[in-house]
Amino acid sequence: MSHYFAEPTGPERRRTVDVRFWDTDWTFTTASGVFSHDGLDLGTGVLLRTHTPAPGARRLLDLGCGFGPIAVGLAVAGPAVTVDAVDVNERALALTRDNADAHGVGGRVWALLPADADPD
């Protein structure tokens with residue numbers, strides 16, 4: 001088993017997970033070789049239960065985006081929001097892109113390697 005900080009070397013086994021946050025039911029695609037591939041990890045679950053995006057937010061960062069639940073949720077919640085979703089794991093970035101597209105916010109979620117993110 002590879003560590004999610006390293007590029008996965010094993011086969012990609014995709015599956016869907018159902019989660020609930022911000023009074024909404026969500027379905028995300030996840031896969032082996034990414035952080036918390038079985039669903040929301042405890043820390044992310046607490047964050048999403050206790051915080052919502054600030055009204056009027058325009059540009060947000062999801063650092064260590066994994067399969068993208070925070071990035072996608074932020075973009076769906078804020079129609080004017082663009083989210084930089086950054087991760088070192090290419091498989092996670094592909095999943096984030098797929099999940100953003102599936103939730104209709106692919107044009108506002110930018111899945112990026114750290115070196116490709118705008119430092120500003």
# chains A, B, ... in the order shown; residues from 1 in each chain; ligands from 1
$ residues_around --residues "segment 78-88 of chain A" --least-positions-apart "3" --cutoff "8 Å" --atoms "only C-alpha atoms" --output "ChimeraX atom specification"
/A:5-7,53,55-66,68,71,74-75,92-93,96,108-114,117
$ residues_around --residues "Leu40 of chain A" --least-positions-apart "4" --cutoff "12 Å" --atoms "only C-alpha atoms" --output "MDAnalysis selection string"
chainID A and resid 16:21 26:30 34:36 44:49 65:70
$ atom_distance --atom1 "atom CA of Ala54 of chain A" --atom2 "atom CA of Gly106 of chain A"
20.6 Å
$ closest_residue --among "A:Asp38, A:Ala77, A:Ala31, A:Asp120" --to "Asp98 of chain A" --atoms "only C-alpha atoms"
A:Ala31
$ select_by_dssp --residues "segment 17-79 of chain A" --states "strand (DSSP E)" --output "MDAnalysis selection string"
chainID A and resid 17:21 24:31 59:63
$ write_last_selection --atoms "C-alpha atoms" --output "JSON list (two decimals), in the first residue's frame"
[["chain", "number", "residue", "atom", "x", "y", "z"],
["A", 17, "VAL", "CA", -19.06, 7.65, -1.05],
["A", 18, "ASP", "CA", -22.14, 9.42, 0.27],
["A", 19, "VAL", "CA", -21.66, 12.18, 2.83],
["A", 20, "ARG", "CA", -23.82, 14.90, 4.36],
["A", 21, "PHE", "CA", -22.75, 18.42, 5.24],
["A", 24, "THR", "CA", -26.96, 18.64, 1.70],
["A", 25, "ASP", "CA", -26.42, 15.03, 0.67],
["A", 26, "TRP", "CA", -23.36, 14.62, -1.54],
["A", 27, "THR", "CA", -21.95, 11.75, -3.58],
["A", 28, "PHE", "CA", -18.25, 11.83, -4.39],
["A", 29, "THR", "CA", -16.04, 9.51, -6.37],
["A", 30, "THR", "CA", -12.92, 8.44, -4.52],
["A", 31, "ALA", "CA", -10.21, 5.85, -5.13],
["A", 59, "ARG", "CA", -11.18, 33.06, -4.03],
["A", 60, "LEU", "CA", -10.51, 30.21, -1.63],
["A", 61, "LEU", "CA", -7.79, 27.62, -1.10],
["A", 62, "ASP", "CA", -8.21, 23.94, -0.29],
["A", 63, "LEU", "CA", -4.68, 22.83, 0.57]]
$ atom_distance --atom1 "atom CA of Ala94 of chain A" --atom2 "atom CA of Leu42 of chain A"
22.8 Å
$ atom_distance --atom1 "atom CA of Ala102 of chain A" --atom2 "atom CA of Ser32 of chain A"
19.2 Å
$ select_by_dssp --residues "chain A" --states "helix (DSSP H, G or I)" --output "NGL selection string"
:A and (42-50 or 69-77 or 90-102 or 114-116)
$ write_last_selection --atoms "N, CA, C and O atoms" --output "CSV table (one decimal), in the first residue's frame"
chain,number,residue,atom,x,y,z
A,42,LEU,N,-12.2,12.4,10.0
A,42,LEU,CA,-12.8,13.0,11.2
A,42,LEU,C,-12.6,14.5,11.2
A,42,LEU,O,-13.5,15.3,11.4
A,43,GLY,N,-11.4,15.0,10.8
A,43,GLY,CA,-11.1,16.4,10.9
A,43,GLY,C,-11.9,17.2,9.8
A,43,GLY,O,-12.4,18.3,10.1
A,44,THR,N,-12.0,16.7,8.6
A,44,THR,CA,-12.8,17.3,7.6
A,44,THR,C,-14.3,17.3,7.9
A,44,THR,O,-15.0,18.3,7.7
A,45,GLY,N,-14.7,16.2,8.5
A,45,GLY,CA,-16.1,16.2,9.0
A,45,GLY,C,-16.4,17.3,10.0
A,45,GLY,O,-17.5,18.0,9.9
A,46,VAL,N,-15.5,17.4,11.0
A,46,VAL,CA,-15.7,18.5,12.0
A,46,VAL,C,-15.7,19.9,11.3
A,46,VAL,O,-16.5,20.7,11.6
A,47,LEU,N,-14.7,20.1,10.5
A,47,LEU,CA,-14.6,21.4,9.8
A,47,LEU,C,-15.9,21.7,9.0
A,47,LEU,O,-16.4,22.8,9.1
A,48,LEU,N,-16.4,20.8,8.3
A,48,LEU,CA,-17.6,21.0,7.5
A,48,LEU,C,-18.9,21.1,8.3
A,48,LEU,O,-19.9,21.8,7.9
A,49,ARG,N,-18.9,20.5,9.5
A,49,ARG,CA,-20.1,20.7,10.4
A,49,ARG,C,-20.1,22.0,11.1
A,49,ARG,O,-21.1,22.5,11.6
A,50,THR,N,-18.9,22.6,11.3
A,50,THR,CA,-18.8,23.8,12.2
A,50,THR,C,-18.5,25.1,11.4
A,50,THR,O,-18.5,26.2,12.0
A,69,PRO,N,-13.9,17.1,-1.5
A,69,PRO,CA,-15.2,17.4,-0.9
A,69,PRO,C,-15.2,18.9,-0.5
A,69,PRO,O,-16.3,19.6,-0.6
A,70,ILE,N,-14.1,19.4,0.1
A,70,ILE,CA,-14.2,20.8,0.6
A,70,ILE,C,-14.2,21.7,-0.6
A,70,ILE,O,-15.0,22.7,-0.7
A,71,ALA,N,-13.3,21.5,-1.6
A,71,ALA,CA,-13.3,22.4,-2.7
A,71,ALA,C,-14.6,22.5,-3.5
A,71,ALA,O,-15.1,23.5,-3.8
A,72,VAL,N,-15.2,21.3,-3.7
A,72,VAL,CA,-16.5,21.2,-4.4
A,72,VAL,C,-17.6,21.9,-3.6
A,72,VAL,O,-18.4,22.7,-4.1
A,73,GLY,N,-17.6,21.6,-2.3
A,73,GLY,CA,-18.6,22.2,-1.4
A,73,GLY,C,-18.5,23.7,-1.4
A,73,GLY,O,-19.5,24.4,-1.4
A,74,LEU,N,-17.3,24.2,-1.3
A,74,LEU,CA,-17.1,25.7,-1.3
A,74,LEU,C,-17.6,26.3,-2.6
A,74,LEU,O,-18.3,27.4,-2.6
A,75,ALA,N,-17.3,25.7,-3.7
A,75,ALA,CA,-17.7,26.2,-5.0
A,75,ALA,C,-19.2,26.1,-5.2
A,75,ALA,O,-19.8,27.1,-5.7
A,76,VAL,N,-19.8,25.1,-4.7
A,76,VAL,CA,-21.3,25.0,-4.8
A,76,VAL,C,-22.0,26.0,-4.0
A,76,VAL,O,-22.9,26.6,-4.3
A,77,ALA,N,-21.4,26.2,-2.8
A,77,ALA,CA,-22.0,27.1,-1.8
A,77,ALA,C,-21.9,28.6,-2.2
A,77,ALA,O,-22.7,29.4,-1.8
A,90,GLU,N,-1.4,13.2,-7.8
A,90,GLU,CA,-2.1,13.4,-9.1
A,90,GLU,C,-3.4,12.7,-9.2
A,90,GLU,O,-4.4,13.2,-9.8
A,91,ARG,N,-3.5,11.5,-8.6
A,91,ARG,CA,-4.8,10.8,-8.5
A,91,ARG,C,-5.9,11.6,-7.8
A,91,ARG,O,-7.0,11.7,-8.2
A,92,ALA,N,-5.5,12.2,-6.7
A,92,ALA,CA,-6.4,13.0,-5.9
A,92,ALA,C,-6.9,14.2,-6.8
A,92,ALA,O,-8.1,14.6,-6.8
A,93,LEU,N,-6.0,14.8,-7.5
A,93,LEU,CA,-6.3,16.0,-8.4
A,93,LEU,C,-7.3,15.6,-9.5
A,93,LEU,O,-8.3,16.3,-9.8
A,94,ALA,N,-7.1,14.4,-10.1
A,94,ALA,CA,-8.0,13.9,-11.1
A,94,ALA,C,-9.4,13.7,-10.5
A,94,ALA,O,-10.4,14.0,-11.1
A,95,LEU,N,-9.4,13.1,-9.3
A,95,LEU,CA,-10.7,12.9,-8.6
A,95,LEU,C,-11.4,14.2,-8.3
A,95,LEU,O,-12.6,14.3,-8.4
A,96,THR,N,-10.6,15.2,-7.9
A,96,THR,CA,-11.2,16.5,-7.6
A,96,THR,C,-11.8,17.1,-8.8
A,96,THR,O,-12.9,17.6,-8.8
A,97,ARG,N,-11.1,17.0,-9.9
A,97,ARG,CA,-11.6,17.5,-11.2
A,97,ARG,C,-12.9,16.8,-11.6
A,97,ARG,O,-13.9,17.4,-11.9
A,98,ASP,N,-12.9,15.5,-11.5
A,98,ASP,CA,-14.1,14.7,-11.8
A,98,ASP,C,-15.3,15.0,-10.9
A,98,ASP,O,-16.4,15.2,-11.3
A,99,ASN,N,-15.0,15.2,-9.6
A,99,ASN,CA,-16.1,15.5,-8.6
A,99,ASN,C,-16.6,16.9,-8.9
A,99,ASN,O,-17.8,17.2,-8.8
A,100,ALA,N,-15.7,17.9,-9.2
A,100,ALA,CA,-16.2,19.2,-9.5
A,100,ALA,C,-17.1,19.2,-10.7
A,100,ALA,O,-18.1,19.9,-10.7
A,101,ASP,N,-16.7,18.5,-11.8
A,101,ASP,CA,-17.5,18.4,-13.0
A,101,ASP,C,-18.8,17.8,-12.6
A,101,ASP,O,-19.9,18.3,-13.1
A,102,ALA,N,-18.8,16.7,-11.9
A,102,ALA,CA,-20.1,16.0,-11.5
A,102,ALA,C,-21.0,16.9,-10.7
A,102,ALA,O,-22.3,16.7,-10.8
A,114,PRO,N,1.2,21.8,-6.2
A,114,PRO,CA,1.7,23.0,-5.5
A,114,PRO,C,2.6,23.9,-6.4
A,114,PRO,O,2.4,25.1,-6.3
A,115,ALA,N,3.4,23.3,-7.3
A,115,ALA,CA,4.2,24.2,-8.2
A,115,ALA,C,3.4,25.0,-9.2
A,115,ALA,O,3.9,26.0,-9.7
A,116,ASP,N,2.2,24.5,-9.4
A,116,ASP,CA,1.3,25.2,-10.4
A,116,ASP,C,0.4,26.2,-9.8
A,116,ASP,O,-0.3,26.9,-10.5
$ decode --residues "segment 68-87 of chain A" --atoms "N, CA and C atoms" --output "short mmCIF file (atom, residue, chain, number, x, y, z; two decimals), in the first residue's frame"
data_model
loop_
_atom_site.label_atom_id
_atom_site.label_comp_id
_atom_site.auth_asym_id
_atom_site.auth_seq_id
_atom_site.Cartn_x
_atom_site.Cartn_y
_atom_site.Cartn_z
N GLY A 68 -11.55 16.08 -3.08
CA GLY A 68 -12.22 17.34 -3.36
C GLY A 68 -13.49 17.72 -2.64
N PRO A 69 -13.88 17.08 -1.54
CA PRO A 69 -15.16 17.45 -0.94
C PRO A 69 -15.22 18.89 -0.46
N ILE A 70 -14.14 19.40 0.11
CA ILE A 70 -14.16 20.79 0.58
C ILE A 70 -14.20 21.74 -0.60
N ALA A 71 -13.33 21.54 -1.58
CA ALA A 71 -13.28 22.41 -2.75
C ALA A 71 -14.62 22.45 -3.47
N VAL A 72 -15.20 21.29 -3.70
CA VAL A 72 -16.49 21.22 -4.39
C VAL A 72 -17.58 21.89 -3.56
N GLY A 73 -17.61 21.58 -2.26
CA GLY A 73 -18.62 22.19 -1.39
C GLY A 73 -18.52 23.70 -1.38
N LEU A 74 -17.30 24.24 -1.30
CA LEU A 74 -17.12 25.69 -1.30
C LEU A 74 -17.61 26.31 -2.61
N ALA A 75 -17.30 25.68 -3.73
CA ALA A 75 -17.71 26.22 -5.02
C ALA A 75 -19.23 26.15 -5.20
N VAL A 76 -19.84 25.06 -4.74
CA VAL A 76 -21.30 24.96 -4.85
C VAL A 76 -21.97 26.00 -3.95
N ALA A 77 -21.44 26.20 -2.75
CA ALA A 77 -22.05 27.13 -1.80
C ALA A 77 -21.90 28.59 -2.22
N GLY A 78 -20.85 28.90 -2.96
CA GLY A 78 -20.60 30.28 -3.36
C GLY A 78 -20.53 30.41 -4.87
N PRO A 79 -21.61 30.84 -5.50
CA PRO A 79 -21.63 30.90 -6.97
C PRO A 79 -20.56 31.81 -7.58
N ALA A 80 -20.01 32.72 -6.79
CA ALA A 80 -18.96 33.61 -7.31
C ALA A 80 -17.57 33.16 -6.88
N VAL A 81 -17.47 32.02 -6.21
CA VAL A 81 -16.21 31.55 -5.64
C VAL A 81 -15.42 30.74 -6.66
N THR A 82 -14.11 30.99 -6.70
CA THR A 82 -13.16 30.14 -7.39
C THR A 82 -12.30 29.49 -6.32
N VAL A 83 -12.07 28.19 -6.43
CA VAL A 83 -11.31 27.45 -5.43
C VAL A 83 -10.04 26.89 -6.07
N ASP A 84 -8.90 27.19 -5.47
CA ASP A 84 -7.65 26.54 -5.83
C ASP A 84 -7.55 25.30 -4.95
N ALA A 85 -7.66 24.14 -5.56
CA ALA A 85 -7.60 22.85 -4.86
C ALA A 85 -6.22 22.26 -5.12
N VAL A 86 -5.38 22.27 -4.10
CA VAL A 86 -3.97 21.91 -4.27
C VAL A 86 -3.67 20.59 -3.56
N ASP A 87 -2.93 19.73 -4.25
CA ASP A 87 -2.52 18.46 -3.66
C ASP A 87 -1.26 17.98 -4.37
#
